[in-house]
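The data block below is entry30.cif; it holds mmCIF, C-alpha atoms.
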data_work
#
loop_
_atom_site.label_atom_id
_atom_site.label_comp_id
_atom_site.auth_asym_id
_atom_site.auth_seq_id
_atom_site.Cartn_x
_atom_site.Cartn_y
_atom_site.Cartn_z
CA MET A 318 14.59 31.27 19.31
CA GLU A 319 14.36 28.98 16.29
CA SER A 320 11.00 27.40 15.50
CA TRP A 321 10.51 23.64 15.39
CA SER A 322 10.35 23.85 11.58
CA GLN A 323 13.66 25.70 11.41
CA ARG A 324 15.29 23.19 13.72
CA ASP A 325 13.91 20.37 11.55
CA LEU A 326 15.28 21.80 8.32
CA LYS A 327 18.71 22.29 9.84
CA TYR A 328 19.17 18.51 10.06
CA ILE A 329 16.45 16.41 8.46
CA TRP A 330 16.32 15.19 4.86
CA HIS A 331 12.67 14.27 4.41
CA PRO A 332 11.54 11.27 2.32
CA CYS A 333 10.02 11.51 -1.12
CA SER A 334 10.53 15.26 -1.24
CA GLN A 335 12.36 17.94 -3.17
CA MET A 336 13.76 19.76 -0.18
CA LYS A 337 13.77 23.08 -2.05
CA ASP A 338 9.95 23.00 -1.84
CA TYR A 339 10.34 23.32 1.93
CA GLU A 340 11.53 26.91 1.45
CA THR A 341 7.93 27.91 0.72
CA LEU A 342 6.15 25.08 2.55
CA PRO A 343 8.07 24.32 5.76
CA PRO A 344 7.34 21.03 7.54
CA MET A 345 4.34 20.97 9.85
CA VAL A 346 5.71 19.64 13.11
CA ILE A 347 3.02 17.49 14.75
CA ASP A 348 2.69 17.67 18.50
CA HIS A 349 -0.03 15.09 19.09
CA GLY A 350 -2.85 13.17 17.45
CA LYS A 351 -6.25 11.80 18.33
CA GLY A 352 -8.56 9.77 16.12
CA VAL A 353 -8.47 11.12 12.57
CA TYR A 354 -6.93 14.41 13.70
CA LEU A 355 -3.35 15.66 14.00
CA TYR A 356 -2.36 18.83 15.90
CA ASP A 357 0.81 20.77 15.16
CA THR A 358 3.04 22.68 17.55
CA GLU A 359 1.15 25.87 16.73
CA GLY A 360 -2.15 24.30 17.77
CA LYS A 361 -3.55 23.91 14.24
CA ARG A 362 -5.69 20.84 13.56
CA TYR A 363 -5.51 18.69 10.41
CA VAL A 364 -7.74 15.85 9.23
CA ASP A 365 -5.41 12.97 8.37
CA VAL A 366 -7.47 11.81 5.41
CA ILE A 367 -4.49 9.88 3.96
CA SER A 368 -3.88 7.86 7.15
CA SER A 369 -0.28 9.07 7.42
CA TRP A 370 0.90 7.26 4.27
CA TRP A 371 -1.97 4.78 4.39
CA CYS A 372 -0.90 3.00 7.57
CA ASN A 373 -2.99 4.57 10.34
CA LEU A 374 -5.89 2.16 10.34
CA LEU A 375 -7.87 2.85 13.52
CA GLY A 376 -7.00 6.43 14.41
CA HIS A 377 -4.09 8.11 16.15
CA CYS A 378 -3.52 7.22 19.81
CA ASN A 379 -6.11 4.46 19.76
CA PRO A 380 -6.63 3.57 23.45
CA VAL A 381 -6.72 -0.21 22.88
CA ILE A 382 -3.45 -0.25 20.92
CA ASN A 383 -1.87 2.22 23.34
CA ALA A 384 -2.68 -0.03 26.27
CA ALA A 385 -1.28 -3.12 24.55
CA ILE A 386 2.06 -1.44 23.82
CA LYS A 387 2.30 0.08 27.32
CA LYS A 388 1.76 -3.33 28.87
CA GLN A 389 4.29 -5.01 26.59
CA VAL A 390 7.07 -2.47 27.12
CA ASP A 391 7.30 -3.51 30.77
CA GLU A 392 7.54 -7.20 29.85
CA LEU A 393 9.89 -7.47 26.85
CA GLU A 394 11.02 -4.91 24.28
CA HIS A 395 12.93 -7.18 21.88
CA VAL A 396 14.65 -10.53 21.54
CA ILE A 397 16.64 -12.12 18.72
CA PHE A 398 14.21 -14.10 16.53
CA ALA A 399 16.67 -16.81 15.45
CA ASN A 400 16.30 -19.78 17.86
CA PHE A 401 14.25 -17.51 20.14
CA SER A 402 10.64 -16.38 19.96
CA ASN A 403 8.14 -14.40 22.02
CA LYS A 404 4.55 -14.82 23.07
CA ARG A 405 3.18 -11.86 21.14
CA ALA A 406 4.56 -13.10 17.81
CA ILE A 407 3.10 -16.56 18.37
CA GLU A 408 -0.29 -15.10 19.30
CA LEU A 409 -0.24 -12.91 16.19
CA CYS A 410 0.27 -15.90 13.88
CA GLU A 411 -2.50 -17.79 15.66
CA LYS A 412 -4.86 -14.90 14.95
CA LEU A 413 -3.73 -14.23 11.39
CA ILE A 414 -4.15 -17.86 10.33
CA ASN A 415 -7.90 -17.34 10.75
CA VAL A 416 -8.14 -14.30 8.45
CA VAL A 417 -5.55 -14.71 5.67
CA PRO A 418 -6.64 -16.42 2.43
CA LYS A 419 -6.91 -20.19 2.58
CA GLY A 420 -3.64 -22.08 2.18
CA LEU A 421 -1.38 -19.39 3.62
CA CYS A 422 0.06 -20.74 6.86
CA LYS A 423 3.74 -19.85 7.37
CA PHE A 424 4.78 -16.38 8.58
CA ASN A 425 8.18 -14.78 7.98
CA PHE A 426 8.69 -11.49 9.85
CA SER A 427 10.47 -8.38 8.54
CA ASP A 428 10.41 -4.73 9.58
CA ASN A 429 8.87 -2.82 6.66
CA GLY A 430 6.90 -3.30 3.45
CA SER A 431 9.84 -3.18 1.06
CA ALA A 432 11.60 -5.81 3.14
CA ALA A 433 8.54 -8.09 2.92
CA VAL A 434 8.61 -7.77 -0.86
CA GLU A 435 12.35 -8.50 -0.99
CA CYS A 436 11.68 -11.57 1.16
CA ALA A 437 8.94 -12.77 -1.22
CA LEU A 438 11.17 -12.32 -4.28
CA LYS A 439 14.10 -14.18 -2.74
CA MET A 440 11.80 -16.92 -1.47
CA SER A 441 10.34 -17.43 -4.96
CA PHE A 442 13.73 -17.54 -6.65
CA GLN A 443 15.19 -19.98 -4.13
CA TYR A 444 12.10 -22.19 -4.20
CA TYR A 445 12.61 -23.10 -7.85
CA TYR A 446 16.39 -23.22 -7.54
CA GLN A 447 16.15 -26.05 -5.05
CA THR A 448 13.15 -27.91 -6.48
CA GLY A 449 14.84 -28.82 -9.74
CA LYS A 450 13.81 -25.85 -11.89
CA PRO A 451 16.76 -23.41 -11.72
CA ASN A 452 15.76 -21.92 -15.09
CA LYS A 453 12.71 -20.32 -13.46
CA LYS A 454 14.33 -17.12 -12.21
CA ARG A 455 12.58 -14.20 -13.91
CA PHE A 456 9.98 -11.97 -12.31
CA ILE A 457 6.81 -10.74 -14.00
CA THR A 458 5.10 -7.58 -12.84
CA LEU A 459 2.53 -5.03 -13.99
CA THR A 460 3.43 -1.71 -15.55
CA ASP A 461 2.87 1.28 -13.23
CA ALA A 462 3.39 -0.98 -10.21
CA TYR A 463 4.79 0.12 -6.88
CA HIS A 464 6.26 -2.38 -4.44
CA GLY A 465 8.70 -0.34 -2.37
CA GLU A 466 12.04 1.36 -2.75
CA THR A 467 14.76 -1.12 -1.97
CA VAL A 468 16.60 -2.40 -5.05
CA GLY A 469 14.59 -5.59 -5.56
CA ALA A 470 11.29 -3.88 -4.82
CA LEU A 471 12.14 -1.02 -7.19
CA SER A 472 13.02 -3.56 -9.87
CA VAL A 473 9.54 -5.06 -9.87
CA GLY A 474 7.97 -1.60 -9.61
CA GLY A 475 7.19 0.51 -12.63
CA VAL A 476 6.69 4.11 -11.53
CA ASP A 477 9.48 6.08 -13.18
CA LEU A 478 9.36 8.84 -10.57
CA TYR A 479 10.91 6.40 -8.10
CA SER A 480 12.92 4.03 -10.28
CA GLU A 481 14.07 5.59 -13.56
CA ILE A 482 17.36 7.04 -12.31
CA TYR A 483 18.31 3.70 -10.75
CA ARG A 484 17.50 1.58 -13.80
CA PRO A 485 21.16 0.60 -14.48
CA MET A 486 21.35 -1.10 -11.08
CA LEU A 487 17.95 -2.84 -11.16
CA MET A 488 17.01 -6.40 -12.12
CA ASP A 489 15.68 -7.04 -15.60
CA VAL A 490 12.03 -7.98 -15.15
CA VAL A 491 9.17 -8.75 -17.52
CA ARG A 492 6.26 -6.28 -17.51
CA VAL A 493 2.63 -6.90 -18.36
CA GLN A 494 0.59 -3.90 -19.48
CA ALA A 495 -1.52 -3.15 -16.41
CA PRO A 496 -5.30 -2.74 -16.50
CA ASP A 497 -6.40 0.88 -16.94
CA CYS A 498 -10.15 1.09 -16.53
CA TYR A 499 -10.24 4.87 -17.01
CA ARG A 500 -8.32 4.84 -20.27
CA CYS A 501 -9.31 1.36 -21.43
CA PRO A 502 -7.70 0.54 -24.81
CA TYR A 503 -10.59 -1.84 -25.51
CA GLY A 504 -13.23 0.87 -25.15
CA LYS A 505 -14.83 -0.84 -22.17
CA THR A 506 -16.12 0.70 -18.95
CA ARG A 507 -15.99 -0.56 -15.37
CA GLY A 508 -19.49 -1.94 -15.61
CA ASN A 509 -19.29 -3.85 -18.90
CA CYS A 510 -15.87 -5.49 -19.20
CA CYS A 511 -14.71 -9.09 -19.04
CA CYS A 512 -11.09 -8.10 -18.48
CA GLU A 513 -10.27 -8.11 -22.18
CA CYS A 514 -7.00 -6.50 -21.14
CA PHE A 515 -5.94 -9.82 -19.61
CA ALA A 516 -4.89 -10.85 -23.11
CA GLU A 517 -1.70 -8.87 -22.41
CA ALA A 518 -0.87 -11.16 -19.49
CA GLU A 519 -1.59 -14.26 -21.56
CA LYS A 520 0.79 -13.09 -24.31
CA THR A 521 3.50 -12.34 -21.79
CA PHE A 522 3.20 -15.68 -20.03
CA GLU A 523 3.25 -17.50 -23.35
CA GLN A 524 6.63 -15.94 -24.03
CA TYR A 525 8.17 -15.81 -20.55
CA GLY A 526 6.07 -17.94 -18.21
CA HIS A 527 8.20 -21.08 -18.50
CA ASP A 528 11.24 -19.16 -17.22
CA ALA A 529 9.42 -17.10 -14.56
CA CYS A 530 9.54 -17.85 -10.85
CA ALA A 531 6.95 -15.31 -9.69
CA MET A 532 4.35 -12.73 -10.67
CA ILE A 533 3.83 -9.91 -8.16
CA VAL A 534 0.77 -7.67 -8.12
CA GLU A 535 -0.91 -4.97 -6.08
CA PRO A 536 -4.33 -6.61 -5.98
CA LEU A 537 -7.21 -4.47 -7.33
CA LEU A 538 -5.52 -1.15 -6.54
CA GLN A 539 -2.33 0.26 -8.04
CA GLY A 540 -1.75 2.95 -5.45
CA SER A 541 1.21 5.05 -6.53
CA ALA A 542 0.10 4.83 -10.16
CA GLY A 543 -2.75 7.17 -9.19
CA MET A 544 -5.13 4.88 -7.31
CA LYS A 545 -5.93 2.85 -10.42
CA ILE A 546 -8.64 0.30 -9.61
CA TYR A 547 -9.28 -2.88 -11.61
CA PRO A 548 -11.79 -5.77 -11.32
CA PRO A 549 -11.48 -8.90 -9.13
CA LEU A 550 -11.93 -11.00 -12.29
CA TYR A 551 -8.38 -10.04 -13.28
CA LEU A 552 -7.04 -11.76 -10.16
CA LYS A 553 -9.10 -14.89 -10.84
CA LYS A 554 -7.68 -15.12 -14.34
CA LEU A 555 -4.18 -14.45 -13.04
CA ARG A 556 -4.45 -17.23 -10.45
CA LYS A 557 -5.39 -19.70 -13.18
CA LEU A 558 -2.60 -18.49 -15.47
CA CYS A 559 0.06 -18.78 -12.76
CA ASP A 560 -1.11 -22.33 -12.01
CA GLU A 561 -0.91 -23.22 -15.69
CA TYR A 562 2.70 -22.05 -15.98
CA ASP A 563 3.80 -23.07 -12.46
CA VAL A 564 4.55 -19.48 -11.43
CA ILE A 565 4.31 -18.29 -7.81
CA LEU A 566 1.69 -15.56 -7.39
CA ILE A 567 2.75 -12.85 -4.91
CA ALA A 568 0.10 -10.53 -3.50
CA ASP A 569 1.49 -7.22 -2.31
CA GLU A 570 -1.30 -6.45 0.19
CA ILE A 571 0.81 -3.90 2.06
CA ALA A 572 -1.51 -1.04 1.06
CA THR A 573 -4.68 -3.01 0.26
CA GLY A 574 -4.89 -5.31 3.27
CA TYR A 575 -6.71 -4.86 6.56
CA GLY A 576 -10.04 -3.63 5.25
CA ARG A 577 -8.85 -0.88 2.96
CA THR A 578 -10.77 -2.29 -0.02
CA GLY A 579 -13.90 -3.20 1.95
CA LYS A 580 -12.80 -6.76 2.76
CA MET A 581 -9.99 -7.91 5.01
CA PHE A 582 -7.73 -8.45 1.99
CA ALA A 583 -8.14 -7.39 -1.63
CA PHE A 584 -7.73 -11.01 -2.77
CA ASP A 585 -10.88 -11.85 -0.81
CA HIS A 586 -12.92 -10.03 -3.48
CA ALA A 587 -11.72 -12.56 -6.05
CA GLY A 588 -12.31 -15.69 -3.99
CA VAL A 589 -8.82 -17.02 -4.77
CA ALA A 590 -5.58 -17.10 -2.81
CA PRO A 591 -2.01 -16.11 -3.68
CA ASP A 592 1.00 -18.29 -2.93
CA ILE A 593 2.74 -15.52 -1.01
CA MET A 594 1.23 -12.44 0.63
CA CYS A 595 3.12 -9.36 1.86
CA LEU A 596 1.63 -7.44 4.79
CA SER A 597 2.61 -4.18 6.51
CA LYS A 598 1.08 -0.67 7.03
CA GLY A 599 -2.28 -1.51 8.66
CA LEU A 600 -0.73 -4.62 10.22
CA THR A 601 0.21 -2.63 13.35
CA GLY A 602 -2.38 0.10 12.87
CA GLY A 603 0.37 2.50 11.83
CA TYR A 604 2.06 2.27 15.23
CA MET A 605 5.24 0.27 14.73
CA PRO A 606 7.36 -0.73 11.72
CA MET A 607 6.71 -4.37 10.98
CA SER A 608 5.87 -6.59 8.02
CA ILE A 609 5.13 -10.25 7.38
CA THR A 610 5.60 -12.41 4.31
CA VAL A 611 3.02 -15.21 4.50
CA THR A 612 3.35 -18.32 2.39
CA THR A 613 2.09 -21.87 1.88
CA GLN A 614 3.18 -25.16 3.38
CA LYS A 615 4.35 -26.28 -0.08
CA ILE A 616 6.80 -23.40 -0.41
CA TYR A 617 7.95 -23.75 3.21
CA ASP A 618 8.63 -27.48 2.72
CA ALA A 619 11.07 -26.77 -0.12
CA PHE A 620 13.38 -25.10 2.41
CA TYR A 621 13.01 -27.73 5.15
CA ASP A 622 15.97 -30.15 5.21
CA ASP A 623 19.19 -30.99 7.02
CA TYR A 624 21.36 -27.92 7.56
CA ASN A 625 24.24 -29.20 5.39
CA THR A 626 22.00 -29.36 2.31
CA GLY A 627 22.14 -25.55 2.20
CA LYS A 628 18.40 -25.16 1.67
CA ALA A 629 17.64 -22.88 4.62
CA PHE A 630 16.21 -19.44 3.91
CA MET A 631 19.10 -17.29 5.14
CA HIS A 632 17.16 -14.06 5.28
CA SER A 633 16.84 -11.96 8.42
CA HIS A 634 16.12 -8.54 9.93
CA THR A 635 17.29 -7.38 13.33
CA TYR A 636 13.78 -6.44 14.45
CA SER A 637 12.00 -9.51 13.07
CA GLY A 638 9.12 -10.50 15.34
CA ASN A 639 9.56 -7.45 17.57
CA PRO A 640 7.25 -7.94 20.61
CA LEU A 641 6.17 -4.29 20.78
CA ALA A 642 5.11 -4.31 17.13
CA CYS A 643 3.42 -7.69 17.57
CA SER A 644 1.48 -6.38 20.57
CA ALA A 645 0.17 -3.53 18.43
CA ALA A 646 -0.71 -5.97 15.63
CA ASN A 647 -2.59 -8.22 18.07
CA ALA A 648 -4.57 -5.24 19.36
CA VAL A 649 -5.52 -4.30 15.78
CA LEU A 650 -6.91 -7.78 15.14
CA ASP A 651 -8.74 -7.73 18.48
CA ILE A 652 -10.46 -4.48 17.47
CA LEU A 653 -11.38 -5.84 14.04
CA SER A 654 -12.46 -9.27 15.29
CA ASP A 655 -16.19 -8.58 15.73
CA GLY A 656 -16.50 -7.08 12.24
CA LYS A 657 -18.21 -3.89 13.42
CA VAL A 658 -15.42 -1.51 12.38
CA LEU A 659 -15.31 -2.86 8.84
CA GLU A 660 -19.10 -3.03 8.60
CA ASN A 661 -19.41 0.62 9.60
CA ALA A 662 -16.55 1.61 7.29
CA ASN A 663 -18.31 -0.06 4.35
CA LYS A 664 -21.52 1.83 5.08
CA ASN A 665 -19.58 5.08 5.24
CA ALA A 666 -17.77 4.14 2.02
CA VAL A 667 -21.06 4.17 0.09
CA TYR A 668 -21.97 7.52 1.67
CA PHE A 669 -18.53 8.97 0.93
CA ASN A 670 -18.48 8.01 -2.73
CA ALA A 671 -22.00 9.38 -3.27
CA LEU A 672 -20.94 12.60 -1.56
CA LEU A 673 -17.92 13.03 -3.83
CA ASN A 674 -19.93 12.34 -6.96
CA GLU A 675 -22.56 14.85 -5.88
CA LYS A 676 -20.07 17.60 -5.07
CA PHE A 677 -17.62 17.10 -7.93
CA SER A 678 -19.95 16.20 -10.81
CA SER A 679 -20.09 19.83 -11.90
CA VAL A 680 -16.31 20.42 -11.80
CA LYS A 681 -15.30 20.55 -15.45
CA ASN A 682 -11.80 19.09 -15.05
CA VAL A 683 -12.84 15.96 -13.18
CA GLY A 684 -12.00 13.02 -15.42
CA GLU A 685 -13.07 10.20 -13.14
CA ILE A 686 -14.08 9.55 -9.54
CA ARG A 687 -13.19 5.98 -8.57
CA SER A 688 -13.47 4.11 -5.31
CA ILE A 689 -12.92 0.84 -3.52
CA GLY A 690 -13.83 0.60 0.13
CA LEU A 691 -13.21 3.95 1.82
CA ILE A 692 -10.51 4.75 -0.73
CA ASN A 693 -11.67 7.36 -3.24
CA ALA A 694 -9.70 9.13 -5.95
CA ILE A 695 -10.48 12.08 -8.20
CA GLU A 696 -8.42 12.28 -11.37
CA LEU A 697 -8.15 15.82 -12.66
CA VAL A 698 -7.47 16.25 -16.37
CA LYS A 699 -7.06 19.11 -18.81
CA ASP A 700 -9.76 17.73 -21.11
CA PRO A 701 -12.27 15.14 -19.77
CA ILE A 702 -13.43 14.25 -23.31
CA SER A 703 -9.99 13.21 -24.58
CA LYS A 704 -8.77 12.41 -21.04
CA THR A 705 -5.71 14.54 -21.74
CA PRO A 706 -3.77 15.18 -18.51
CA PHE A 707 -2.52 18.55 -17.36
CA ASP A 708 1.08 19.51 -18.01
CA PRO A 709 2.85 17.99 -14.98
CA LYS A 710 4.98 21.13 -14.68
CA LEU A 711 1.87 22.97 -13.49
CA ARG A 712 1.75 20.72 -10.41
CA ILE A 713 -2.01 21.12 -10.11
CA GLY A 714 -2.28 18.46 -7.42
CA TYR A 715 0.49 20.04 -5.36
CA GLN A 716 -1.22 23.45 -5.49
CA ILE A 717 -4.43 21.84 -4.21
CA TYR A 718 -2.48 20.10 -1.47
CA LYS A 719 -1.04 23.40 -0.23
CA LYS A 720 -4.43 25.09 -0.15
CA ALA A 721 -6.00 22.16 1.70
CA LEU A 722 -3.30 22.30 4.37
CA GLN A 723 -4.20 25.93 5.01
CA LYS A 724 -7.79 24.80 5.60
CA GLY A 725 -6.87 21.89 7.87
CA VAL A 726 -7.03 18.85 5.55
CA ILE A 727 -4.12 16.65 4.46
CA LEU A 728 -4.68 15.82 0.77
CA ARG A 729 -1.28 14.62 -0.43
CA PRO A 730 -1.83 14.01 -4.16
CA LEU A 731 -0.44 11.46 -6.60
CA GLY A 732 0.34 13.79 -9.48
CA ASP A 733 -3.03 15.30 -10.36
CA VAL A 734 -4.99 12.54 -8.65
CA ILE A 735 -6.52 13.78 -5.40
CA TYR A 736 -7.22 10.81 -3.18
CA PHE A 737 -8.77 9.98 0.17
CA ASN A 738 -7.60 6.97 2.19
CA PRO A 739 -8.81 7.74 5.72
CA PRO A 740 -8.70 5.61 8.86
CA LEU A 741 -11.53 3.08 8.95
CA ILE A 742 -13.05 4.87 11.95
CA ILE A 743 -13.72 8.18 10.16
CA GLU A 744 -17.27 9.49 10.70
CA ARG A 745 -19.71 11.10 8.27
CA ASP A 746 -19.46 14.64 9.65
CA THR A 747 -15.71 14.53 8.99
CA LEU A 748 -16.32 13.16 5.49
CA ASP A 749 -18.68 16.09 4.89
CA PHE A 750 -15.97 18.50 6.03
CA VAL A 751 -13.12 17.06 3.96
CA THR A 752 -15.22 16.92 0.78
CA ASP A 753 -16.28 20.55 1.24
CA ILE A 754 -12.66 21.62 1.70
CA ALA A 755 -11.49 19.48 -1.24
CA LYS A 756 -14.15 21.04 -3.48
CA GLU A 757 -13.13 24.55 -2.41
CA CYS A 758 -9.43 23.91 -3.03
CA VAL A 759 -9.92 22.17 -6.39
CA THR A 760 -12.18 24.96 -7.60
CA GLU A 761 -9.85 27.72 -6.42
CA VAL A 762 -6.80 26.19 -8.08
CA LEU A 763 -8.53 25.33 -11.37
CA ASN A 764 -10.13 28.77 -11.61
CA SER A 765 -6.80 30.44 -11.05
#

Would you mind writing the file out in structure tokens?
Amino acid sequence: MESWSQRDLKYIWHPCSQMKDYETLPPMVIDHGKGVYLYDTEGKRYVDVISSWWCNLLGHCNPVINAAIKKQVDELEHVIFANFSNKRAIELCEKLINVVPKGLCKFNFSDNGSAAVECALKMSFQYYYQTGKPNKKRFITLTDAYHGETVGALSVGGVDLYSEIYRPMLMDVVRVQAPDCYRCPYGKTRGNCCCECFAEAEKTFEQYGHDACAMIVEPLLQGSAGMKIYPPLYLKKLRKLCDEYDVILIADEIATGYGRTGKMFAFDHAGVAPDIMCLSKGLTGGYMPMSITVTTQKIYDAFYDDYNTGKAFMHSHTYSGNPLACSAANAVLDILSDGKVLENANKNAVYFNALLNEKFSSVKNVGEIRSIGLINAIELVKDPISKTPFDPKLRIGYQIYKKALQKGVILRPLGDVIYFNPPLIIERDTLDFVTDIAKECVTEVLNS
């Protein structure tokens, strides 16, 4: 009889994968999960230290979220969201209004992160089109950005692995050289900079700001670029610059929101607010596909008029406002409401980063260990002095990933950056375990 893996490979084309790799590393078919652990059909246990693509916020099969979805499924599974609504969606907005940055107050529902970004881009373009500034139609973004994989989202992204082959079909956007605190061109370090690199943004806005409708950023953390972390001061400066040039500031908080950076949203570190915020991943605790594009009253008002003026935002998704997803999202906010989960996560974040520095300080190919909240990343390089990377053909990170799987830890790398982005509920004994395994695997691969 064929195994589950064999049956999988007969039909399924997996995302973000070279399927030929599956000849030597077949898919691990997961049977069930609990907390930070996943169990495959062979009974093997894995620590999900990457939160299943960064979305599992409060552990697998969380009893509170489970109960909310079970209750909802007997009441209403879905209803069209045009001219109709549902109680769970309304409740979710009433809760979110109390935690999103000040000024954000209108919620447009989609069904995934890329869709939320597409919504934000279209919203920004149309806003200026119908407020008397049709020339403002360009988008500004950071180099090395990642905002999703639909055509618009890819256009404002900048990771060639995902977008290079599609370049002929993408929008022409303006790119600002992103902050790189590890390889700072100004010779600064994380502890002594004043965001001198922001001069790149100022030059770009001077040239293109008058024709730009929006600037989109991953606040403080460029995830797919290798977990690059930059200071909150950059966001403060960017807020001021966007105001100066009348450019909408879009915060892609899909990966950084919901406590991942130590605060509810990454923008909270900077004490300023964006004009539009995109939410997904942790929004439903990793349970259901859903996203929200949140914006201001000012932007909303530019679309509010008689139907025949043609100003309505004609953007929709079949599963917008899905009650099952909203019930999960409400349960997530209920769990987070007393602040204890995030408080404990922040305490464990300090412990975790100290643990990694202690265990990896003697590993010769460690270029930098960086962290924000519970997110930690170890960049492995050929030469730490010159910061020269390994030849990507060696696939050092991938070799470490394979060894870690054998030892029961999921460490899916970004190139040669080994990262940890666990559920907020992870405990210290599990952090001890995953750092021990990571050290073993890194050492074994580098020594070989």

Could you list, as a PyMOL selection string, every residue matched by the PyMOL selection byres ((chain A and resi 568) around 7) in this structure?
chain A and resi 533-536+566-567+569-570+591+593-595

The PyMOL selection byres ((chain A and resi 611) around 9) on the file shown: which residues, as JSON, numbers by chain?
{"A": [417, 421, 422, 423, 424, 425, 426, 437, 592, 593, 594, 595, 596, 609, 610, 612, 613]}

Could you please determine the separation between CA of Pro332 in chain A and CA of Gly543 in chain A in Å, to one decimal place?
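Answer for the CA of Pro332 in chain A to CA of Gly543 in chain A separation: 18.8 Å.
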
Report as a PyMOL selection string the full result of the PyMOL selection byres ((chain A and resi 714-717) around 7) when it is applied to this structure.
chain A and resi 712-713+718-721+730+732-735+758-759+762

Just C-alpha atoms for this one: save the residues we selected as a short mmCIF file (atom, residue, chain, number, x, y, z; two decimals), keeping the file's coordinate frame.
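Okay, this is what ended up in selection.cif:
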data_model
loop_
_atom_site.label_atom_id
_atom_site.label_comp_id
_atom_site.auth_asym_id
_atom_site.auth_seq_id
_atom_site.Cartn_x
_atom_site.Cartn_y
_atom_site.Cartn_z
CA ARG A 712 1.75 20.72 -10.41
CA ILE A 713 -2.01 21.12 -10.11
CA TYR A 718 -2.48 20.10 -1.47
CA LYS A 719 -1.04 23.40 -0.23
CA LYS A 720 -4.43 25.09 -0.15
CA ALA A 721 -6.00 22.16 1.70
CA PRO A 730 -1.83 14.01 -4.16
CA GLY A 732 0.34 13.79 -9.48
CA ASP A 733 -3.03 15.30 -10.36
CA VAL A 734 -4.99 12.54 -8.65
CA ILE A 735 -6.52 13.78 -5.40
CA CYS A 758 -9.43 23.91 -3.03
CA VAL A 759 -9.92 22.17 -6.39
CA VAL A 762 -6.80 26.19 -8.08
#

Around (4.2, 7.6, -9.7) in the file's own coordinates, what residues are found within 9 Å if you use only C-alpha atoms, given back as an MDAnalysis selection string?
chainID A and resid 461:463 475:479 540:543 731:732

Residues around (-13.0, 15.8, -2.6), cut-off 10 Å, counting only C-alpha atoms - what are they as a ChimeraX atom specification?
/A:669-670,672-674,676-677,686,693-695,728,735-737,748-759

To one decimal in Å, tell me the separation between CA of Trp371 in chain A and CA of Arg745 in chain A.
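Here the two named atoms are 19.2 Å from each other.
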
Which residues, written as a compact mmCIF listing (two decimals) with C-alpha atoms, in the frame of the given file, have at least one atom at most 10 Å from range 739-742 of chain A, with only C-alpha atoms counted and residues fewer than 3 positions away on the same chain left out?
# COMPACT_ATOMS: atom_id res chain seq x y z
CA GLY A 352 -8.56 9.77 16.12
CA VAL A 353 -8.47 11.12 12.57
CA VAL A 364 -7.74 15.85 9.23
CA ASP A 365 -5.41 12.97 8.37
CA VAL A 366 -7.47 11.81 5.41
CA ILE A 367 -4.49 9.88 3.96
CA SER A 368 -3.88 7.86 7.15
CA SER A 369 -0.28 9.07 7.42
CA TRP A 370 0.90 7.26 4.27
CA TRP A 371 -1.97 4.78 4.39
CA CYS A 372 -0.90 3.00 7.57
CA ASN A 373 -2.99 4.57 10.34
CA LEU A 374 -5.89 2.16 10.34
CA LEU A 375 -7.87 2.85 13.52
CA GLY A 376 -7.00 6.43 14.41
CA HIS A 377 -4.09 8.11 16.15
CA TYR A 575 -6.71 -4.86 6.56
CA GLY A 576 -10.04 -3.63 5.25
CA ARG A 577 -8.85 -0.88 2.96
CA GLY A 579 -13.90 -3.20 1.95
CA GLY A 599 -2.28 -1.51 8.66
CA GLY A 602 -2.38 0.10 12.87
CA VAL A 658 -15.42 -1.51 12.38
CA LEU A 659 -15.31 -2.86 8.84
CA GLU A 660 -19.10 -3.03 8.60
CA ASN A 661 -19.41 0.62 9.60
CA ALA A 662 -16.55 1.61 7.29
CA ASN A 663 -18.31 -0.06 4.35
CA ASN A 665 -19.58 5.08 5.24
CA ALA A 666 -17.77 4.14 2.02
CA GLY A 690 -13.83 0.60 0.13
CA LEU A 691 -13.21 3.95 1.82
CA ILE A 692 -10.51 4.75 -0.73
CA ASN A 693 -11.67 7.36 -3.24
CA TYR A 736 -7.22 10.81 -3.18
CA ARG A 745 -19.71 11.10 8.27
CA LEU A 748 -16.32 13.16 5.49

Could you tell me how far CA of Ile689 in chain A sits from CA of Ala495 in chain A, in Å to one decimal place?
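Going from CA of Ala495 in chain A over to CA of Ile689 in chain A, I get 17.7 Å.
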
Can you tell me which residues surround Ala583 in chain A at a distance of at most 7 Å, considering only C-alpha atoms, apart from same-chain residues fewer than 2 positions away, and format the answer as a list in words?
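The contact residues come out as Pro536, Leu537, Thr573, Gly574, Thr578, Lys580, Met581, Asp585 and His586 of chain A.
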
Rank A:Leu600, A:Val698, A:Val493, A:Leu552 by their smallest atom-to-atom distance to Ala572 in chain A, using all atoms listed in the file, and report the top residue only.
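Looking at the shortest contact to Ala572 in chain A, the residue is A:Leu600.
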
Please identify all polymer residues within 12 Å of Tyr356 in chain A, counting all atoms listed in the file, omitting same-chain residues fewer than 5 positions from it, and present them as a PyMOL selection string.
chain A and resi 345-351+361-365+377+725-727

Residues near Tyr503 in chain A, anyone? I mean within 10 Å using all atoms listed in the file, not counting same-chain ones fewer than 3 positions away, as a list in words.
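Answer for this query is Asp497, Cys498, Arg500, Thr506, Cys510, Cys512, Glu513 and Cys514 of chain A.
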
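Distance annotation: of A:Ala432, A:Leu558, A:Ala646, A:Met440, the residue with the minimal separation from Leu413 in chain A is A:Ala646; atom set is only C-alpha atoms.
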